[in-house]
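Colleague: For reference, the structure I am asking about is given below.
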Amino acid sequence: MKFTHGRLALWLAIFPVWTSADELTALDAVEVVAEKIQTMPHSSTSNGSGLAALRAATSDSAQLLQDQPGVTLYGAGGVSSLPAIHGLADERVRVQVDGMDLMAACPNHMNSPLSYIDPTRVATATVFAGITPVSVGGDSLGGTIQVNSAAPQFSQQAGETLMQGQAGTFWRSNGNAHGVNAGFTLASQDLSLSYNGSKASAGNYTSARAFKPAGSGAQGGPWLDGNTVGSSAYHTENHDLGLAFRHGPHLLQTNLSTQRIPFEGYPNQRMDMTANRGAQLNLHYQGQYEWGELDARLYRQDTQHEMNMGADRVNYGALGMPMNTRAQTLGASLQATLVANERDLIRSGFEYQDYSLNDWWPPVGGSMGPNTFWNIDYGRRTRAGVFSEWEAQWDAAWLSQFGVRASSVRSDAGPVQGYNSGGLWVNDAVAFNAKNRQRNDTLWDVTALSRYRASDTATIEGGYARKSRAPSLYERYPWSTQPMATLMNNFVGDGNGYVGNPNLTPEVAHTLSLSGDWHDAAQEQWQIKSTAYYTRVQGYIDAQRCTVGQCGGAANAAAVNSFVNLTYANQSARLSGVDLSGNTVLFRADGYGRFTLNGVLGYVTGTNLSTGDHLYHIMPLNLKLAVMQQLGGWRNTVEVRAVSAKTRVSQVRNEAASAAYGLLNLRSSYEWQHARLDFGLENALNRQYEQPLGGAYVGQGASMGINNIPWGVALPGMGRSFNLALSVNF
Amino acid sequence: MNIQKILLISGIVASTLLGCGGGAGGKSPAVTLLPQYIVFGVAPSVSVTAPGTISATASSGLAVGYSSLTAATCSVHPNSGLVTGVAPGVCTIAANQAGNAQYQAAMQATLNLTVLGNPAQTITFAAAPALGLYGSAKVAATASSALAIRYGSLTPLVCSVDALGNVTDLTAGTCSITADQAGNGVYLAAPQAMQSLLVAAWTGALTVASAPALPTATLATTASAVTVNFTGPASSGGSPVTGYTVNSVPAGLSASGAAAPLTVNCPVAGCTGYAFTVTASNAQGNSPASLAAHVVTQFAITETFFEPQTQPQNTIFTGTFALDSTTGTVTGLGGTLTESMYGPPMPTVILSNQLSAISDGAGGLLVTTFARNTTNTFTNNPAWGGTDGWTPGSGQWLYFGYPAANNGNAYVRIYVNPANPTAALTQVQLDKLAYADCTPLGMMGASCMTGTTLAGYGTVGSMSGYPSSQVITNRQP
């Protein structure tokens with residue numbers, strides 16, 4: 001097989017296992033001269049020191065994506081933000097953690113996929129925004145996020161034992177967040193055993209200034225200052241045990257991960273997560289053959305989840321309002337990458353996922369008893385898909401990719417019951433049970449894109465994607481119109497109540513995207529990347545006012561300054577925008593080091609074409625500029641974030657607007673051979689601001705009453721925080 | 001290590017992954033049987049002499065069985081649903097469905113209906129009052145059905161009678177008064193009853209009349225006037241009464257006329273604080289003044305709390321009370337409170353213990369009536385934010401005694417403007433209305449259902465309910 005330099009570089013990038021040390025020692029040194037690898041299509045990866053600097057400021061792995069062009073984050077709990085790509089969020093984005101499609105098992109999506117991996121374990125975070133290849137997409141519209149822990153380590157020589165470890169700790173002044181993490185690896189040349197564990201805790205965080213009256217969130221409850229964000233504390237604990245076998249070009253990995261979250265507050269939800277116990281078992285095989293690569297994965301996720309009222313909320317008695325969920329996800333994937341010839345690369349594969357869910361609310365007395373309320377019983381969503389992707393390097397300038405994915409999604413849920421046979425519950429339950437609830441959806445994804453390398457300094461990439469997504473169980477099956485129930489079925493953090501709609505059909509997105517990448521020939525001095533995109537979504541699942549049952553009738557339909565009850569409906573939507581990112585070396589000087597300027601600008605608009613309303617949670621124009629100095633072991637960063645006012649808000653959700661703001665962040669780190677110290681000031685000027693995607697502040701008070709909590713208070717951002725993190729490796 | 005070993009280990013791990021198979025079965029409330037519910041049809045009319053048939057259906061389509069939970073008032077056939085009235089009162093019928101191999105047992109459903117008494121009714125007169133020449137007296141007849149009586153005079157040349165039973169003598173002779181009750185949808189017409197009053201001729205000297213009797217004073221519909229009613233003096237002194245005069249106590253207001261009732265116009269500030277006496281006049285002079293009558297008016301009240309979370313059902317209090325405008329006091333506030341968390345039809349809680357009436361500091365009265373003869377409603381434990389056990393909005397709405405047993409109290413607070421009770425409330429006054437329902441059907445967990453406003457009590461009700469209207473109407477005939 002004969003390769004060009006570029007193809008060889010691509011080959012090496014795809015098959016990193018072949019670059020392992022023992023293989024290299026058997027070969028003579030070979031100098032490879034090639035262009036920097038640009039995988040197809042445009043993706044963006046964070047790793048190394050870029051992630052390390054962010055880790056010091058967060059225990060939320062999703063926050064590690066904040067510098068990725070096109071990515072924004074829905075606010076949620078302290079370790080559970082929900083990423084959005086180009087305005088499409090949550091389940092419209094495929095999120096993989098170590099290759100597993102982890103599933104949230106909660107009517108509020110509290111246990112989001114990225115909450116299952118601690119930031120200290122994240123080695124790479126890759127974002128496919130825009131034209132996502134079918135090989136990494138599927139059942140999603142916005143793109144794909146792949147977060148991976150570090151690859152297993154092996155000893156370099158036969159008979160040698162590798163022992164290495166790392167430990168770290170952090171403290172952040174705001175909320176007194178603190179935690180520890182540790183890991184070790186014991187490995188031979190073909191066997192690797194590893195353990196990683198982490199714990200993190202934080203109290204309620206504070207904003208720069210008061211945004212509400214001071215007082216207890218519930219009579220007799222803890223005092224909350226006017227700038228204290230109630231229900232934002234958390235405690236989390238993650239453990240991972242990994243075992244890997246390597247034999248030549250074959251690698252078999254299995255990881256058992258567990259999570260225990262005894263409490264995670266949700267200031268934009270009406271309940272808190274009072275327990276989450278998760279376990280994931282991940283079996284992964286990767287092997288290289290003469291014809292290409294084979295990648296197979298089998299995984300299982302078990303989740304036991306509980307919601308109830310935290311200390312900052314009225315708890316309605318000792319039992320509170322318990323809401324429990326059990327879920328299990330079984331997934332499998334098989335992907336073969338065939339290097340057909342020097343020009344053509346074929347990726348084909350199969351994926352399967354079976355997600356089952358029981359969501360029930362134990363009785364607590366009065367009108368909420370004596371029976372157990374079944375929110376979703378025997379919910380099940382089974383997805384199977386096949387895909388094939390052809391990538392061709394026509395010449396040194398032109399590269400193309402074409403892919404097709406077909407998926408079948410079967411959704412169903414069992415009959416339900418309310419707390420009792422009173423009119424409050426029984427009418428909705430009887431109506432729901434009388435329906436045929438099984439739905440079979442067929443999804444077709446198509447991508448076609450091309451890259452043209454105009455010169456050593458310019459590359460243009462453009463394409464079209466048809467992406468589709470089947471409705472989730474929580475979009476289809478929550479059945480009660482009683483607001484006490486609707487308010488608990490909300491995964492967007494707007495404080496409203498939601499009723500499912502079994503008749504939803506899949507969303508189909510048509511995206512046109514054009515990207516440009518300009519840089520110096522060596523790609524060392526400067527770079528500018530820009531992506532413009534236009535997406536039209538048929539059957540976009542948006543909210544509409546609920547007027548049936550106990551939703552509130554005409555008053556609910558007309559309300560403009562209160563929380564409301566909503567249901568889901570297929571409509572159509574348009575999203576468009578621009579991502580712009582770049583970096584340049586400002587200057588180098590002996591004794592002063594190297595100064596670089598990095599910037600990311602994001603702009604997106606979203607319109608519901610059926611109603612003319614703005615789409616919910618669309619990030620306003622935002623800009624990040626950072627100047628970084630590198631001098632020896634020092635890395636010092638001055639970062640400015642500027643966000644314009646959010647005035648385009650979703651009227652159907654009575655979404656609150658937010659004001660423009662700017663933040664100054666200062667970060668420094670010093671790295672020794674076996675240690676790294678990070679310290680910094682986030683929001684150094686202690687500016688008060690509202691998180692544009694933070695949702696409604698409902699973190700204190702009486703959650704069960706739809707309007708017991710003041711409407712129109714946007715979730716504030718964190719005030720100034722001094723952050724300190726230390727990590728050592730040995 | 002070789003590829004075979006890897007595959008072997010892969011197989012073992014894969015078996016572990018797949019071991020429990022798909023689904024989350026066994027970890028949650030397993031659903032092996034379908035749920036079912038029982039819904040009652042419209043309640044029939046049942047009396048002690050006329051049975052009726054109830055009908056309940058199970059969502060499964062399976063047959064429903066019936067039983068009476070109130071054997072003292074009714075019985076029911078277990079299969080046909082034929083309800084037989086035993087005694088007047090509330091009859092509660094239970095419906096059950098035990099389930100089968102496909103359906104789980106249904107939760108018991110109950111239906112309340114009222115067993116009516118015997119439709120026949122009789123009229124009985126109280127003892128005949130004394131009636132003097134040209135004098136007045138009041139007769140009193142009652143129907144066994146408690147329906148209103150219609151009076152008539154069989155001797156119109158001797159006496160007349162008004163709708164209230166006030167008899168006025170016109171000459172000496174026998175005055176015969178009849179009492180009728182025409183019946184309604186429940187009761188048959190009663191046989192006519194009659195009472196005769198013998199009026200003797202005057203034999204002594206003519207004197208001034210005696211004082212009018214039984215004076216009553218009530219506010220007129222608009223509260224801009226007071227209607228004074230009375231019975232003419234039992235003795236006219238032998239000289240026909242020529243007129244009556246009403247005077248206020250304290251003095252300042254008066255009215256006169258030939259017969260009851262008389263209307264006294266109130267000053268702009270209203271008639272609060274005034275009582276009224278009546279004096280009769282004849283050719284010999286004026287009678288002594290009657291006892292001073294307080295202005296006591298019966299009102300009906302409907303208070304509505306909008307419940308955003310139980311639409312279209314709201315919490316509604318319907319009741320009555322008496323306002324003594326002379327003393328500015330409210331008594332006898334009672335009525336029923338609907339429970340919007342259930343139904344339709346919504347169950348009701350009876351509130352009949354007026355235990356509080358306090359000033360709002362601006363001339364109004366906040367009057368509260370309870371289900372129990374105690375104000376203990378919410379927890380008074382400070383750890384839960386409790387205060388006095390019933391202040392609206394206190395104690396996280398947890399019931400009194402929490403976490404021990406719940407006494408199941410409930411209350412409603414109304415606003416009364418003594419100067420003008422039927423006037424529309426201002427928003428400030430509306431904000432002072434409140435209710436609490438800590439009976440079993442009004443509970444969410446350990447918290448009671450309530451209705452308040454943020455302005456009035458620092459919070460809206462536990463289910464976001466708040467007072468939306470209060471309508472008071474004068475019940476005087």
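Labels used: A, B, ... for chains in the order of the structure tokens, numbers from 1 for residues in each chain, and numbers from 1 for ligands as shown.
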Quick one: DSSP helix (DSSP H, G or I) residues in stretch 385-431 of chain B, as a list in words?
Modeller: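 DSSP-assigned helix (DSSP H, G or I) residues in stretch 385-431 of chain B: Gly395, Gln396, Trp397, Gln427, Val428, Gln429 and Leu430 of chain B.
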Colleague: Those residues you just picked out, can you put them in a file as a CSV table (one decimal), in the first residue's frame with N, CA and C atoms?
Modeller:
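Listed below is the output, again-v1.csv:
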chain,number,residue,atom,x,y,z
B,395,GLY,N,-46.0,28.6,58.9
B,395,GLY,CA,-45.8,27.2,59.2
B,395,GLY,C,-45.6,26.3,58.0
B,396,GLN,N,-45.2,26.9,56.8
B,396,GLN,CA,-45.0,26.1,55.6
B,396,GLN,C,-46.3,25.4,55.3
B,397,TRP,N,-47.4,25.9,55.8
B,397,TRP,CA,-48.8,25.3,55.6
B,397,TRP,C,-48.9,23.9,56.2
B,427,GLN,N,-58.6,46.3,46.4
B,427,GLN,CA,-57.6,45.3,46.3
B,427,GLN,C,-56.9,45.0,47.6
B,428,VAL,N,-56.8,46.1,48.4
B,428,VAL,CA,-56.2,45.9,49.7
B,428,VAL,C,-57.0,45.0,50.6
B,429,GLN,N,-58.3,45.2,50.5
B,429,GLN,CA,-59.3,44.4,51.3
B,429,GLN,C,-59.3,43.0,50.8
B,430,LEU,N,-59.3,42.8,49.5
B,430,LEU,CA,-59.3,41.5,48.9
B,430,LEU,C,-58.1,40.7,49.3
Colleague: Find the residues of chain B in contact range of chain A, meaning any atom within 6 Å when counting only C-alpha atoms, and list them as an MDAnalysis selection string.
Modeller: chainID B and resid 17 23:24 308:311 342:343 383:385 440:441 443:447 460 462:464
Colleague: Can you pull out every residue within 10 Å of B:Asn229, counting only C-alpha atoms, but drop anything in the same chain fewer than 5 positions away, and send it as a PyMOL selection string?
Modeller: chain B and resi 212-218+246+259-263+278+293
Colleague: Apply DSSP to the backbone of this structure and, from stretch 293-498 of chain A, keep only the residues in strand (DSSP E or B); write these as JSON, numbers by chain.
Modeller: {"A": [293, 294, 295, 296, 297, 298, 299, 300, 301, 302, 303, 304, 305, 306, 307, 308, 313, 323, 324, 325, 326, 327, 328, 329, 330, 331, 332, 333, 334, 335, 336, 337, 338, 339, 344, 345, 346, 347, 348, 349, 350, 351, 352, 353, 354, 355, 356, 357, 358, 359, 360, 361, 365, 366, 368, 373, 374, 375, 376, 377, 378, 379, 380, 381, 382, 383, 384, 385, 386, 387, 388, 389, 390, 391, 392, 393, 398, 399, 400, 401, 402, 403, 404, 405, 406, 407, 408, 409, 410, 411, 412, 439, 440, 441, 442, 443, 444, 445, 446, 447, 448, 449, 450, 451, 452, 453, 454, 455, 458, 459, 460, 461, 462, 463, 464, 465, 466, 467, 468, 469, 497, 498]}
Colleague: Would you compute the distance between atom CA of A:Ala53 and atom CA of A:Gly179? Give it in Å to one decimal.
Modeller: 16.1 Å
Colleague: Considering only C-alpha atoms, return as JSON, numbers by chain whatever protein or nucleic-acid residues lie within 12 Å of A:Leu586, sequence-local ones (same chain, fewer than 4 positions apart) excluded.
Modeller: {"A": [524, 525, 526, 592, 593, 594, 595, 596, 597, 598, 626, 627, 628, 629, 630]}
Colleague: With distances taken over only C-alpha atoms, which of A:Thr607, A:Met323, A:Thr206, A:Ala177 is nearest to A:Met718?
Modeller: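 With only C-alpha atoms as the atom set, the closest residue is A:Thr206.
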Colleague: Quick one: residues within 10 Å of B:Tyr457, only C-alpha atoms counted, chain neighbours fewer than 5 positions away excluded, as a short mmCIF file (atom, residue, chain, number, x, y, z; two decimals) with all heavy atoms, in the first residue's frame?
Modeller:
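Output (around13.cif):
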data_model
loop_
_atom_site.label_atom_id
_atom_site.label_comp_id
_atom_site.auth_asym_id
_atom_site.auth_seq_id
_atom_site.Cartn_x
_atom_site.Cartn_y
_atom_site.Cartn_z
N THR B 391 -52.26 31.65 61.62
CA THR B 391 -52.06 32.84 60.79
C THR B 391 -51.85 32.44 59.33
O THR B 391 -51.01 31.59 59.05
CB THR B 391 -50.84 33.64 61.29
OG1 THR B 391 -51.16 34.20 62.56
CG2 THR B 391 -50.49 34.75 60.32
N PRO B 392 -52.59 33.02 58.43
CA PRO B 392 -52.47 32.63 57.02
C PRO B 392 -51.02 32.73 56.54
O PRO B 392 -50.32 33.70 56.83
CB PRO B 392 -53.36 33.64 56.30
CG PRO B 392 -54.40 34.01 57.32
CD PRO B 392 -53.67 34.01 58.63
N GLY B 393 -50.59 31.72 55.84
CA GLY B 393 -49.24 31.71 55.26
C GLY B 393 -48.16 31.25 56.20
O GLY B 393 -47.00 31.19 55.80
N SER B 394 -48.50 30.87 57.41
CA SER B 394 -47.45 30.50 58.36
C SER B 394 -47.19 29.00 58.35
O SER B 394 -47.99 28.21 57.84
CB SER B 394 -47.84 30.94 59.77
OG SER B 394 -48.94 30.17 60.25
N ASP B 431 -56.95 41.43 49.43
CA ASP B 431 -55.70 40.76 49.80
C ASP B 431 -55.75 40.17 51.20
O ASP B 431 -54.86 39.39 51.57
CB ASP B 431 -54.54 41.75 49.71
CG ASP B 431 -54.15 42.05 48.27
OD1 ASP B 431 -54.51 41.25 47.40
OD2 ASP B 431 -53.50 43.09 48.04
N LYS B 432 -56.74 40.58 51.98
CA LYS B 432 -56.81 40.08 53.36
C LYS B 432 -57.64 38.81 53.48
O LYS B 432 -57.76 38.24 54.56
CB LYS B 432 -57.38 41.17 54.27
CG LYS B 432 -56.41 42.33 54.50
CD LYS B 432 -55.15 41.85 55.20
CE LYS B 432 -54.18 42.97 55.50
NZ LYS B 432 -52.93 42.45 56.11
N LEU B 433 -58.24 38.39 52.41
CA LEU B 433 -59.03 37.15 52.46
C LEU B 433 -58.08 35.96 52.49
O LEU B 433 -56.94 36.03 52.00
CB LEU B 433 -59.95 37.06 51.25
CG LEU B 433 -60.84 38.27 50.98
CD1 LEU B 433 -61.75 38.01 49.78
CD2 LEU B 433 -61.67 38.62 52.21
N ALA B 434 -58.54 34.88 53.04
CA ALA B 434 -57.68 33.70 53.13
C ALA B 434 -58.54 32.47 53.40
O ALA B 434 -59.67 32.58 53.89
CB ALA B 434 -56.66 33.87 54.26
N GLY B 451 -55.25 29.53 50.34
CA GLY B 451 -55.37 30.62 49.38
C GLY B 451 -55.08 31.94 50.06
O GLY B 451 -55.74 32.30 51.04
N THR B 452 -54.07 32.64 49.61
CA THR B 452 -53.68 33.94 50.16
C THR B 452 -53.02 34.74 49.04
O THR B 452 -52.77 34.22 47.95
CB THR B 452 -52.68 33.80 51.32
OG1 THR B 452 -51.61 32.95 50.90
CG2 THR B 452 -53.32 33.21 52.55
#
Colleague: Report as CSV: every residue of stretch 88-155 of chain A with an atom at most 12 Å from stretch 611-618 of chain A, its closest pair of atoms, and their distance in Å to one decimal, counting only C-alpha atoms, with rows sorted by chain and ascending residue number.
Modeller:
residue,atom,partner,partner_atom,distance
A:Leu88,CA,A:Ile618,CA,8.6
A:Ala89,CA,A:His617,CA,9.0
A:Asp90,CA,A:His617,CA,11.5
Colleague: Next, dump the selected residues to file, keeping only C-alpha atoms, as a PDB file, in the first residue's frame.
Modeller:
ATOM      1  CA  LEU A  88     -29.619  23.018  19.498  1.00  0.00           C
ATOM      2  CA  ALA A  89     -29.315  21.568  22.960  1.00  0.00           C
ATOM      3  CA  ASP A  90     -29.602  18.592  25.208  1.00  0.00           C
TER       4      ASP A  90
END
Colleague: For the atom pair atom CA of B:Ala127 and atom CA of B:Thr142, what is the interatomic distance in Å to one decimal place?
Modeller: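 Spanning atom CA of B:Ala127 to atom CA of B:Thr142 is a straight-line distance of 11.7 Å.
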Colleague: Could you please determine the separation between atom CA of A:Ala167 and atom CA of A:Val180 in Å, to one decimal place?
Modeller: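 For atom CA of A:Ala167 relative to atom CA of A:Val180, the distance reads 7.5 Å.
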Colleague: Which is closer to B:Gly273 than all the others in B:Ala179, B:Ala419, B:Ala357, B:Ala172, using only C-alpha atoms?
Modeller: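 Closest candidate: B:Ala419.
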Colleague: Skip stretch 247-251 of chain B itself and residues of its chain fewer than 5 positions away, then list as a list in words all residues within 7 Å of it, counting only C-alpha atoms.
Modeller: Tyr274, Ala275, Phe276, Thr277 and Val278 of chain B
Colleague: Skipping near chain neighbours, those fewer than 4 positions away, what residues fall within 10 Å of stretch 38-48 of chain B using only C-alpha atoms, listed as a VMD selection string?
Modeller: (chain A and resid 421 to 423 426 to 427) or (chain B and resid 52 to 62 64 73 to 74 82 to 89 91 94 to 97 106 to 119 186)
